[in-house]
$ cat input-v9.cif   # mmCIF, N, CA and C atoms and all ligand atoms
data_my_file
loop_
_atom_site.group_PDB
_atom_site.id
_atom_site.type_symbol
_atom_site.label_atom_id
_atom_site.label_comp_id
_atom_site.auth_asym_id
_atom_site.auth_seq_id
_atom_site.Cartn_x
_atom_site.Cartn_y
_atom_site.Cartn_z
ATOM 1 N N ALA H 886 7.705 -8.778 1.596
ATOM 2 C CA ALA H 886 6.507 -8.268 0.944
ATOM 3 C C ALA H 886 6.831 -7.023 0.121
ATOM 4 N N TYR H 887 5.934 -6.692 -0.755
ATOM 5 C CA TYR H 887 6.031 -5.429 -1.481
ATOM 6 C C TYR H 887 5.362 -4.335 -0.650
ATOM 7 N N VAL H 888 5.780 -3.095 -0.909
ATOM 8 C CA VAL H 888 5.351 -1.962 -0.087
ATOM 9 C C VAL H 888 4.948 -0.809 -1.008
ATOM 10 N N ILE H 889 3.867 -0.142 -0.664
ATOM 11 C CA ILE H 889 3.456 1.068 -1.378
ATOM 12 C C ILE H 889 4.016 2.277 -0.633
ATOM 13 N N ALA H 890 4.757 3.112 -1.332
ATOM 14 C CA ALA H 890 5.422 4.258 -0.715
ATOM 15 C C ALA H 890 4.771 5.579 -1.132
ATOM 16 N N GLU H 891 5.491 6.641 -0.883
ATOM 17 C CA GLU H 891 4.935 7.992 -0.958
ATOM 18 C C GLU H 891 4.231 8.413 -2.253
ATOM 19 N N PRO H 892 4.688 7.957 -3.423
ATOM 20 C CA PRO H 892 4.020 8.461 -4.640
ATOM 21 C C PRO H 892 2.547 8.084 -4.767
ATOM 22 N N CYS H 893 2.070 7.174 -3.946
ATOM 23 C CA CYS H 893 0.636 6.818 -3.973
ATOM 24 C C CYS H 893 -0.227 7.807 -3.196
ATOM 25 N N VAL H 894 0.380 8.499 -2.249
ATOM 26 C CA VAL H 894 -0.400 9.326 -1.324
ATOM 27 C C VAL H 894 -1.195 10.396 -2.073
ATOM 28 N N ASP H 895 -2.481 10.404 -1.863
ATOM 29 C CA ASP H 895 -3.441 11.332 -2.481
ATOM 30 C C ASP H 895 -3.580 11.135 -3.992
ATOM 31 N N VAL H 896 -2.965 10.068 -4.514
ATOM 32 C CA VAL H 896 -3.075 9.758 -5.940
ATOM 33 C C VAL H 896 -4.006 8.549 -6.120
ATOM 34 N N LYS H 897 -3.624 7.419 -5.473
ATOM 35 C CA LYS H 897 -4.502 6.249 -5.421
ATOM 36 C C LYS H 897 -5.024 5.819 -6.799
ATOM 37 N N ASP H 898 -4.121 5.612 -7.699
ATOM 38 C CA ASP H 898 -4.519 5.211 -9.058
ATOM 39 C C ASP H 898 -5.299 3.897 -9.090
ATOM 40 N N LYS H 899 -4.885 2.954 -8.241
ATOM 41 C CA LYS H 899 -5.537 1.643 -8.067
ATOM 42 C C LYS H 899 -5.348 0.658 -9.216
ATOM 43 N N ALA H 900 -4.492 0.959 -10.171
ATOM 44 C CA ALA H 900 -4.190 -0.049 -11.194
ATOM 45 C C ALA H 900 -3.622 -1.305 -10.548
ATOM 46 N N CYS H 901 -2.908 -1.142 -9.465
ATOM 47 C CA CYS H 901 -2.289 -2.275 -8.757
ATOM 48 C C CYS H 901 -3.319 -3.262 -8.239
ATOM 49 N N VAL H 902 -4.438 -2.752 -7.796
ATOM 50 C CA VAL H 902 -5.452 -3.593 -7.151
ATOM 51 C C VAL H 902 -5.914 -4.721 -8.066
ATOM 52 N N ASP H 903 -6.109 -4.389 -9.327
ATOM 53 C CA ASP H 903 -6.621 -5.377 -10.284
ATOM 54 C C ASP H 903 -5.608 -6.471 -10.600
ATOM 55 N N GLU H 904 -4.335 -6.218 -10.345
ATOM 56 C CA GLU H 904 -3.285 -7.186 -10.669
ATOM 57 C C GLU H 904 -3.042 -8.209 -9.573
ATOM 58 N N CYS H 905 -3.439 -7.909 -8.364
ATOM 59 C CA CYS H 905 -3.024 -8.743 -7.230
ATOM 60 C C CYS H 905 -3.819 -10.047 -7.150
ATOM 61 N N PRO H 906 -3.145 -11.191 -7.267
ATOM 62 C CA PRO H 906 -3.845 -12.477 -7.280
ATOM 63 C C PRO H 906 -4.421 -12.882 -5.919
ATOM 64 N N VAL H 907 -3.952 -12.239 -4.866
ATOM 65 C CA VAL H 907 -4.451 -12.601 -3.529
ATOM 66 C C VAL H 907 -5.255 -11.471 -2.882
ATOM 67 N N ASP H 908 -5.563 -10.415 -3.650
ATOM 68 C CA ASP H 908 -6.475 -9.357 -3.176
ATOM 69 C C ASP H 908 -6.019 -8.762 -1.843
ATOM 70 N N CYS H 909 -4.711 -8.437 -1.791
ATOM 71 C CA CYS H 909 -4.173 -7.967 -0.507
ATOM 72 C C CYS H 909 -3.778 -6.501 -0.507
ATOM 73 N N ILE H 910 -4.296 -5.706 -1.480
ATOM 74 C CA ILE H 910 -3.959 -4.276 -1.532
ATOM 75 C C ILE H 910 -5.189 -3.491 -1.074
ATOM 76 N N TYR H 911 -5.112 -2.978 0.137
ATOM 77 C CA TYR H 911 -6.260 -2.389 0.828
ATOM 78 C C TYR H 911 -6.257 -0.869 0.731
ATOM 79 N N GLU H 912 -7.450 -0.300 0.658
ATOM 80 C CA GLU H 912 -7.579 1.143 0.503
ATOM 81 C C GLU H 912 -7.749 1.855 1.840
ATOM 82 N N GLY H 913 -6.778 2.739 2.132
ATOM 83 C CA GLY H 913 -6.934 3.652 3.254
ATOM 84 C C GLY H 913 -7.520 4.952 2.752
ATOM 85 N N GLN H 914 -7.374 6.013 3.561
ATOM 86 C CA GLN H 914 -7.946 7.282 3.142
ATOM 87 C C GLN H 914 -7.071 7.996 2.112
ATOM 88 N N ARG H 915 -5.757 8.064 2.373
ATOM 89 C CA ARG H 915 -4.875 8.831 1.491
ATOM 90 C C ARG H 915 -3.981 7.961 0.623
ATOM 91 N N THR H 916 -3.915 6.660 0.936
ATOM 92 C CA THR H 916 -3.043 5.774 0.188
ATOM 93 C C THR H 916 -3.610 4.362 0.253
ATOM 94 N N LEU H 917 -2.984 3.468 -0.490
ATOM 95 C CA LEU H 917 -3.316 2.052 -0.360
ATOM 96 C C LEU H 917 -2.182 1.351 0.374
ATOM 97 N N TYR H 918 -2.506 0.226 1.001
ATOM 98 C CA TYR H 918 -1.554 -0.516 1.813
ATOM 99 C C TYR H 918 -1.564 -1.975 1.386
ATOM 100 N N ILE H 919 -0.365 -2.525 1.144
ATOM 101 C CA ILE H 919 -0.235 -3.958 0.889
ATOM 102 C C ILE H 919 -0.109 -4.668 2.234
ATOM 103 N N ASN H 920 -0.955 -5.665 2.459
ATOM 104 C CA ASN H 920 -0.871 -6.417 3.714
ATOM 105 C C ASN H 920 0.313 -7.380 3.634
ATOM 106 N N PRO H 921 1.361 -7.133 4.435
ATOM 107 C CA PRO H 921 2.550 -7.993 4.359
ATOM 108 C C PRO H 921 2.298 -9.409 4.837
ATOM 109 N N ASN H 922 1.217 -9.622 5.554
ATOM 110 C CA ASN H 922 0.867 -10.981 6.003
ATOM 111 C C ASN H 922 0.204 -11.793 4.896
ATOM 112 N N GLU H 923 -0.276 -11.103 3.864
ATOM 113 C CA GLU H 923 -1.014 -11.765 2.785
ATOM 114 C C GLU H 923 -0.290 -11.733 1.436
ATOM 115 N N CYS H 924 0.582 -10.753 1.229
ATOM 116 C CA CYS H 924 1.309 -10.619 -0.044
ATOM 117 C C CYS H 924 2.191 -11.839 -0.263
ATOM 118 N N VAL H 925 2.111 -12.410 -1.482
ATOM 119 C CA VAL H 925 2.904 -13.600 -1.817
ATOM 120 C C VAL H 925 4.123 -13.243 -2.687
ATOM 121 N N ASP H 926 4.449 -11.948 -2.737
ATOM 122 C CA ASP H 926 5.640 -11.481 -3.451
ATOM 123 C C ASP H 926 5.626 -11.828 -4.935
ATOM 124 N N CYS H 927 4.446 -11.840 -5.536
ATOM 125 C CA CYS H 927 4.412 -12.177 -6.963
ATOM 126 C C CYS H 927 4.950 -11.036 -7.815
ATOM 127 N N GLY H 928 4.868 -9.802 -7.302
ATOM 128 C CA GLY H 928 5.423 -8.661 -8.015
ATOM 129 C C GLY H 928 4.568 -8.112 -9.134
ATOM 130 N N ALA H 929 3.378 -8.641 -9.334
ATOM 131 C CA ALA H 929 2.539 -8.211 -10.454
ATOM 132 C C ALA H 929 2.096 -6.756 -10.342
ATOM 133 N N CYS H 930 1.973 -6.264 -9.130
ATOM 134 C CA CYS H 930 1.514 -4.893 -8.917
ATOM 135 C C CYS H 930 2.557 -3.849 -9.297
ATOM 136 N N GLU H 931 3.816 -4.177 -9.101
ATOM 137 C CA GLU H 931 4.880 -3.173 -9.177
ATOM 138 C C GLU H 931 4.953 -2.444 -10.524
ATOM 139 N N PRO H 932 4.967 -3.165 -11.654
ATOM 140 C CA PRO H 932 5.150 -2.443 -12.929
ATOM 141 C C PRO H 932 3.931 -1.660 -13.402
ATOM 142 N N VAL H 933 2.764 -1.908 -12.871
ATOM 143 C CA VAL H 933 1.569 -1.238 -13.397
ATOM 144 C C VAL H 933 1.276 0.093 -12.712
ATOM 145 N N CYS H 934 1.963 0.395 -11.633
ATOM 146 C CA CYS H 934 1.684 1.661 -10.938
ATOM 147 C C CYS H 934 2.246 2.826 -11.731
ATOM 148 N N PRO H 935 1.395 3.766 -12.155
ATOM 149 C CA PRO H 935 1.863 4.871 -12.996
ATOM 150 C C PRO H 935 2.773 5.844 -12.258
ATOM 151 N N THR H 936 2.730 5.837 -10.935
ATOM 152 C CA THR H 936 3.591 6.754 -10.181
ATOM 153 C C THR H 936 4.832 6.050 -9.626
ATOM 154 N N GLU H 937 4.994 4.769 -9.951
ATOM 155 C CA GLU H 937 6.137 3.989 -9.447
ATOM 156 C C GLU H 937 6.234 4.050 -7.928
ATOM 157 N N ALA H 938 5.106 3.805 -7.285
ATOM 158 C CA ALA H 938 5.031 3.862 -5.825
ATOM 159 C C ALA H 938 5.376 2.540 -5.153
ATOM 160 N N ILE H 939 5.444 1.449 -5.922
ATOM 161 C CA ILE H 939 5.543 0.120 -5.310
ATOM 162 C C ILE H 939 6.967 -0.427 -5.413
ATOM 163 N N PHE H 940 7.459 -0.933 -4.295
ATOM 164 C CA PHE H 940 8.826 -1.458 -4.206
ATOM 165 C C PHE H 940 8.829 -2.767 -3.433
ATOM 166 N N TYR H 941 9.759 -3.660 -3.798
ATOM 167 C CA TYR H 941 10.026 -4.768 -2.893
ATOM 168 C C TYR H 941 10.611 -4.176 -1.612
ATOM 169 N N GLU H 942 10.306 -4.754 -0.486
ATOM 170 C CA GLU H 942 10.651 -4.137 0.796
ATOM 171 C C GLU H 942 12.137 -3.809 0.942
ATOM 172 N N ASP H 943 12.997 -4.643 0.367
ATOM 173 C CA ASP H 943 14.439 -4.408 0.485
ATOM 174 C C ASP H 943 14.945 -3.374 -0.505
ATOM 175 N N ASP H 944 14.086 -2.954 -1.427
ATOM 176 C CA ASP H 944 14.490 -2.002 -2.462
ATOM 177 C C ASP H 944 13.893 -0.616 -2.263
ATOM 178 N N LEU H 945 13.262 -0.375 -1.128
ATOM 179 C CA LEU H 945 12.684 0.946 -0.872
ATOM 180 C C LEU H 945 13.776 2.011 -0.826
ATOM 181 N N PRO H 946 13.545 3.168 -1.443
ATOM 182 C CA PRO H 946 14.482 4.280 -1.266
ATOM 183 C C PRO H 946 14.591 4.625 0.225
ATOM 184 N N GLU H 947 15.750 5.076 0.636
ATOM 185 C CA GLU H 947 16.011 5.265 2.061
ATOM 186 C C GLU H 947 14.980 6.150 2.755
ATOM 187 N N ASP H 948 14.569 7.217 2.098
ATOM 188 C CA ASP H 948 13.612 8.136 2.721
ATOM 189 C C ASP H 948 12.240 7.501 2.923
ATOM 190 N N TRP H 949 12.003 6.398 2.241
ATOM 191 C CA TRP H 949 10.678 5.774 2.276
ATOM 192 C C TRP H 949 10.668 4.419 2.979
ATOM 193 N N THR H 950 11.754 4.049 3.634
ATOM 194 C CA THR H 950 11.776 2.741 4.301
ATOM 195 C C THR H 950 10.693 2.634 5.370
ATOM 196 N N TRP H 951 10.294 3.765 5.937
ATOM 197 C CA TRP H 951 9.286 3.733 6.999
ATOM 198 C C TRP H 951 7.909 3.301 6.503
ATOM 199 N N TYR H 952 7.691 3.341 5.185
ATOM 200 C CA TYR H 952 6.394 2.883 4.672
ATOM 201 C C TYR H 952 6.192 1.379 4.911
ATOM 202 N N LYS H 953 7.299 0.636 5.000
ATOM 203 C CA LYS H 953 7.186 -0.778 5.367
ATOM 204 C C LYS H 953 6.627 -0.909 6.781
ATOM 205 N N ASP H 954 7.170 -0.142 7.695
ATOM 206 C CA ASP H 954 6.672 -0.166 9.079
ATOM 207 C C ASP H 954 5.241 0.354 9.166
ATOM 208 N N ALA H 955 4.928 1.338 8.341
ATOM 209 C CA ALA H 955 3.577 1.898 8.350
ATOM 210 C C ALA H 955 2.552 0.831 7.947
ATOM 211 N N ALA H 956 2.918 0.000 6.955
ATOM 212 C CA ALA H 956 1.998 -1.059 6.531
ATOM 213 C C ALA H 956 1.823 -2.100 7.637
ATOM 214 N N VAL H 957 2.926 -2.464 8.279
ATOM 215 C CA VAL H 957 2.836 -3.424 9.397
ATOM 216 C C VAL H 957 1.925 -2.869 10.491
ATOM 217 N N SER H 958 2.115 -1.589 10.833
ATOM 218 C CA SER H 958 1.317 -0.965 11.889
ATOM 219 C C SER H 958 -0.156 -0.872 11.505
ATOM 220 N N PHE H 959 -0.379 -0.540 10.233
ATOM 221 C CA PHE H 959 -1.761 -0.386 9.760
ATOM 222 C C PHE H 959 -2.541 -1.689 9.932
ATOM 223 N N PHE H 960 -1.924 -2.818 9.520
ATOM 224 C CA PHE H 960 -2.650 -4.090 9.615
ATOM 225 C C PHE H 960 -2.663 -4.643 11.036
ATOM 226 N N ALA H 961 -1.693 -4.245 11.847
ATOM 227 C CA ALA H 961 -1.751 -4.619 13.261
ATOM 228 C C ALA H 961 -2.983 -3.969 13.896
ATOM 229 N N GLU H 962 -3.312 -2.758 13.405
ATOM 230 C CA GLU H 962 -4.461 -2.042 13.949
ATOM 231 C C GLU H 962 -5.789 -2.577 13.401
ATOM 232 N N VAL H 963 -5.874 -2.700 12.069
ATOM 233 C CA VAL H 963 -7.180 -3.047 11.478
ATOM 234 C C VAL H 963 -7.396 -4.550 11.363
ATOM 235 N N GLY H 964 -6.302 -5.324 11.460
ATOM 236 C CA GLY H 964 -6.405 -6.770 11.363
ATOM 237 C C GLY H 964 -6.253 -7.254 9.934
ATOM 238 N N ASP H 965 -6.162 -8.557 9.788
ATOM 239 C CA ASP H 965 -6.122 -9.180 8.466
ATOM 240 C C ASP H 965 -7.567 -9.386 8.050
ATOM 241 N N LEU H 966 -7.992 -8.588 7.083
ATOM 242 C CA LEU H 966 -9.417 -8.495 6.786
ATOM 243 C C LEU H 966 -9.905 -9.525 5.783
ATOM 244 N N GLY H 967 -8.999 -10.364 5.285
ATOM 245 C CA GLY H 967 -9.427 -11.484 4.454
ATOM 246 C C GLY H 967 -9.816 -11.136 3.040
ATOM 247 N N GLY H 968 -9.283 -10.032 2.530
ATOM 248 C CA GLY H 968 -9.548 -9.666 1.145
ATOM 249 C C GLY H 968 -9.940 -8.212 1.018
ATOM 250 N N ALA H 969 -9.230 -7.514 0.127
ATOM 251 C CA ALA H 969 -9.440 -6.080 -0.002
ATOM 252 C C ALA H 969 -10.781 -5.735 -0.639
ATOM 253 N N THR H 970 -11.242 -6.573 -1.555
ATOM 254 C CA THR H 970 -12.503 -6.270 -2.228
ATOM 255 C C THR H 970 -13.653 -6.233 -1.225
ATOM 256 N N ALA H 971 -13.700 -7.254 -0.392
ATOM 257 C CA ALA H 971 -14.769 -7.306 0.611
ATOM 258 C C ALA H 971 -14.601 -6.227 1.673
ATOM 259 N N ALA H 972 -13.354 -5.889 1.983
ATOM 260 C CA ALA H 972 -13.108 -4.897 3.041
ATOM 261 C C ALA H 972 -13.545 -3.502 2.604
ATOM 262 N N GLY H 973 -13.402 -3.201 1.313
ATOM 263 C CA GLY H 973 -13.756 -1.862 0.843
ATOM 264 C C GLY H 973 -12.796 -0.815 1.382
ATOM 265 N N SER H 974 -13.214 0.442 1.323
ATOM 266 C CA SER H 974 -12.355 1.517 1.811
ATOM 267 C C SER H 974 -12.375 1.539 3.325
ATOM 268 N N ILE H 975 -11.174 1.543 3.907
ATOM 269 C CA ILE H 975 -11.054 1.471 5.360
ATOM 270 C C ILE H 975 -11.207 2.859 5.995
ATOM 271 N N GLY H 976 -10.949 3.910 5.227
ATOM 272 C CA GLY H 976 -11.373 5.243 5.652
ATOM 273 C C GLY H 976 -10.450 5.997 6.589
ATOM 274 N N HIS H 977 -9.304 5.401 6.940
ATOM 275 C CA HIS H 977 -8.315 6.168 7.689
ATOM 276 C C HIS H 977 -6.929 5.666 7.336
ATOM 277 N N ASP H 978 -5.917 6.274 7.951
ATOM 278 C CA ASP H 978 -4.541 5.947 7.605
ATOM 279 C C ASP H 978 -3.698 5.696 8.842
ATOM 280 N N GLU H 979 -2.558 5.063 8.596
ATOM 281 C CA GLU H 979 -1.529 4.939 9.627
ATOM 282 C C GLU H 979 -1.139 6.369 10.015
ATOM 283 N N PRO H 980 -0.855 6.655 11.273
ATOM 284 C CA PRO H 980 -0.656 8.038 11.726
ATOM 285 C C PRO H 980 0.406 8.831 10.964
ATOM 286 N N ARG H 981 1.517 8.188 10.584
ATOM 287 C CA ARG H 981 2.548 8.934 9.857
ATOM 288 C C ARG H 981 2.083 9.308 8.461
ATOM 289 N N VAL H 982 1.270 8.465 7.854
ATOM 290 C CA VAL H 982 0.711 8.793 6.542
ATOM 291 C C VAL H 982 -0.316 9.911 6.688
ATOM 292 N N ALA H 983 -1.151 9.798 7.705
ATOM 293 C CA ALA H 983 -2.180 10.814 7.932
ATOM 294 C C ALA H 983 -1.561 12.189 8.155
ATOM 295 N N ALA H 984 -0.350 12.230 8.727
ATOM 296 C CA ALA H 984 0.300 13.486 9.074
ATOM 297 C C ALA H 984 1.067 14.116 7.924
ATOM 298 N N LEU H 985 1.152 13.452 6.797
ATOM 299 C CA LEU H 985 1.896 14.025 5.656
ATOM 300 C C LEU H 985 1.211 15.305 5.193
ATOM 301 N N PRO H 986 1.999 16.292 4.723
ATOM 302 C CA PRO H 986 1.392 17.531 4.247
ATOM 303 C C PRO H 986 0.446 17.297 3.065
ATOM 304 N N ALA H 987 -0.524 18.149 2.949
ATOM 305 C CA ALA H 987 -1.545 17.989 1.912
ATOM 306 C C ALA H 987 -0.977 18.122 0.512
ATOM 307 N N ASP H 988 0.164 18.798 0.374
ATOM 308 C CA ASP H 988 0.749 18.999 -0.952
ATOM 309 C C ASP H 988 1.913 18.033 -1.211
ATOM 310 N N ILE H 989 1.907 16.886 -0.524
ATOM 311 C CA ILE H 989 3.020 15.938 -0.639
ATOM 312 C C ILE H 989 3.198 15.443 -2.083
ATOM 313 N N ASN H 990 2.120 15.305 -2.800
ATOM 314 C CA ASN H 990 2.207 14.879 -4.203
ATOM 315 C C ASN H 990 1.360 15.814 -5.100
HETATM 316 FE FE1 LIG W 1001 -1.245 3.771 -5.552
HETATM 317 FE FE2 LIG W 1001 0.040 3.124 -7.691
HETATM 318 FE FE3 LIG W 1001 -1.653 1.434 -6.681
HETATM 319 S S1 LIG W 1001 -0.723 5.145 -7.179
HETATM 320 S S2 LIG W 1001 -3.174 2.713 -5.732
HETATM 321 S S3 LIG W 1001 0.205 2.136 -5.724
HETATM 322 S S4 LIG W 1001 -1.342 1.837 -8.815
HETATM 323 FE FE1 LIG W 1002 -0.197 -8.721 -4.638
HETATM 324 FE FE2 LIG W 1002 1.754 -7.145 -5.343
HETATM 325 FE FE3 LIG W 1002 2.034 -8.826 -3.353
HETATM 326 S S1 LIG W 1002 0.333 -8.144 -6.697
HETATM 327 S S2 LIG W 1002 0.802 -10.523 -3.950
HETATM 328 S S3 LIG W 1002 0.677 -7.118 -3.426
HETATM 329 S S4 LIG W 1002 3.563 -8.286 -4.842
#

$ encode --input "input-v9.cif" --output "structure tokens" --more "lines below"
Ligand code: F3S
Ligand code: F3S
Amino acid sequence: AYVIAEPCVDVKDKACVDECPVDCIYEGQRTLYINPNECVDCGACEPVCPTEAIFYEDDLPEDWTWYKDAAVSFFAEVGDLGGATAAGSIGHDEPRVAALPADIN
């Protein structure tokens, strides 16, 4: 799956959301999360992010590999919600994302 990493935190441009054919990019409080159970690896989201936050899971920079685990944990907690549009803003974050400093970006 593709993964949203640190440059999205507190930025949340959301250009990616409109590109996703399976509506699997969900909004948390400080970042968005791609549901790895729903992403079909089409890659359409990656080039449109103005902060270059999106990576294929195997191409994540080393410091950001944990964002893959954060996405897995996030959806293990909230479940597969069947579409980001209907789910709306989920209003919280995976604990490691929530703990990032306020001036991270
Ligand atoms: Fe975030 Fe980039 Fe999407 S900043 S919301 S990953 S377009
Ligand atoms: Fe959607 Fe991006 Fe995956 S557009 S299907 S989240 S690669």

$ atom_distance --input "input-v9.cif" --atom1 "atom CA of H:Gly968" --atom2 "atom CA of H:Pro986"
29.5 Å

$ residues_near_ligand --input "input-v9.cif" --ligand "ligand LIG 1001 (chain W)" --cutoff "12 Å" --atoms "only C-alpha atoms and all ligand atoms" --output "count of residues only"
44

$ atom_distance --input "input-v9.cif" --atom1 "atom N of H:Val925" --atom2 "atom FE1 of ligand LIG 1002 (chain W)"
5.4 Å

$ select_by_dssp --input "input-v9.cif" --residues "chain H" --states "helix (DSSP H, G or I)" --output "PyMOL selection string"
chain H and resi 891-893+900-904+931-933+942-944+947-949+951-963+969-972+980-983

$ atom_distance --input "input-v9.cif" --atom1 "atom CA of H:Gly967" --atom2 "atom N of H:Leu985"
27.2 Å

$ axis_aligned_box --input "input-v9.cif" --around "stretch 964-982 of chain H" --padding-each-side "6 Å" --output "lines of an AutoDock Vina configuration file"
center_x = -6.1
center_y = -0.8
center_z = 4.7
size_x = 29.3
size_y = 33.4
size_z = 26.0

$ closest_residue --input "input-v9.cif" --among "H:Ala886, H:Val963, H:Ala983, H:Ala955" --to "ligand LIG 1002 (chain W)" --atoms "all atoms listed in the file"
H:Ala886

$ residues_around --input "input-v9.cif" --residues "H:Glu979" --least-positions-apart "2" --cutoff "6.5 Å" --atoms "all atoms listed in the file" --output "list in words"
Ala955, Ser958, Phe959, His977, Arg981, Val982, Ala983 and Ala984 of chain H

$ select_by_dssp --input "input-v9.cif" --residues "chain H" --states "strand (DSSP E or B)" --output "number ranges by chain"
H: 887-889, 910-912, 917-919, 939-941, 974

$ closest_residue --input "input-v9.cif" --among "H:Val907, H:Ala961, H:Ala969, H:Ile975" --to "ligand LIG 1002 (chain W)" --atoms "only C-alpha atoms and all ligand atoms"
H:Val907

$ decode --input "input-v9.cif" --residues "stretch 925-958 of chain H" --atoms "C-alpha atoms" --output "JSON list (two decimals), in the first residue's frame"
[["chain", "number", "residue", "atom", "x", "y", "z"],
["H", 925, "VAL", "CA", -5.23, -0.79, -4.59],
["H", 926, "ASP", "CA", -1.75, 0.68, -5.18],
["H", 927, "CYS", "CA", -2.87, 2.75, -8.15],
["H", 928, "GLY", "CA", -0.43, 5.50, -7.15],
["H", 929, "ALA", "CA", -2.67, 8.35, -8.30],
["H", 930, "CYS", "CA", -2.37, 10.16, -4.97],
["H", 931, "GLU", "CA", 1.41, 10.29, -4.82],
["H", 932, "PRO", "CA", 2.26, 12.95, -7.44],
["H", 933, "VAL", "CA", -0.47, 15.42, -6.44],
["H", 934, "CYS", "CA", 0.62, 15.96, -2.84],
["H", 935, "PRO", "CA", 2.26, 19.40, -2.67],
["H", 936, "THR", "CA", 4.37, 18.40, 0.33],
["H", 937, "GLU", "CA", 5.50, 15.06, -1.15],
["H", 938, "ALA", "CA", 4.15, 13.21, 1.87],
["H", 939, "ILE", "CA", 3.05, 10.05, 0.03],
["H", 940, "PHE", "CA", 5.30, 7.05, -0.62],
["H", 941, "TYR", "CA", 4.94, 3.48, -1.70],
["H", 942, "GLU", "CA", 5.47, 1.48, 1.48],
["H", 943, "ASP", "CA", 8.83, 0.07, 0.36],
["H", 944, "ASP", "CA", 10.09, 3.52, -0.61],
["H", 945, "LEU", "CA", 9.53, 5.33, 2.69],
["H", 946, "PRO", "CA", 12.55, 7.26, 3.96],
["H", 947, "GLU", "CA", 14.08, 5.39, 6.89],
["H", 948, "ASP", "CA", 13.02, 7.92, 9.51],
["H", 949, "TRP", "CA", 9.42, 7.61, 8.35],
["H", 950, "THR", "CA", 9.02, 3.83, 8.01],
["H", 951, "TRP", "CA", 6.94, 3.84, 11.20],
["H", 952, "TYR", "CA", 4.15, 5.71, 9.40],
["H", 953, "LYS", "CA", 3.32, 2.40, 7.70],
["H", 954, "ASP", "CA", 2.81, 0.80, 11.11],
["H", 955, "ALA", "CA", 0.89, 3.85, 12.29],
["H", 956, "ALA", "CA", -1.61, 3.43, 9.44],
["H", 957, "VAL", "CA", -2.04, -0.27, 10.21],
["H", 958, "SER", "CA", -2.62, 0.54, 13.89]]
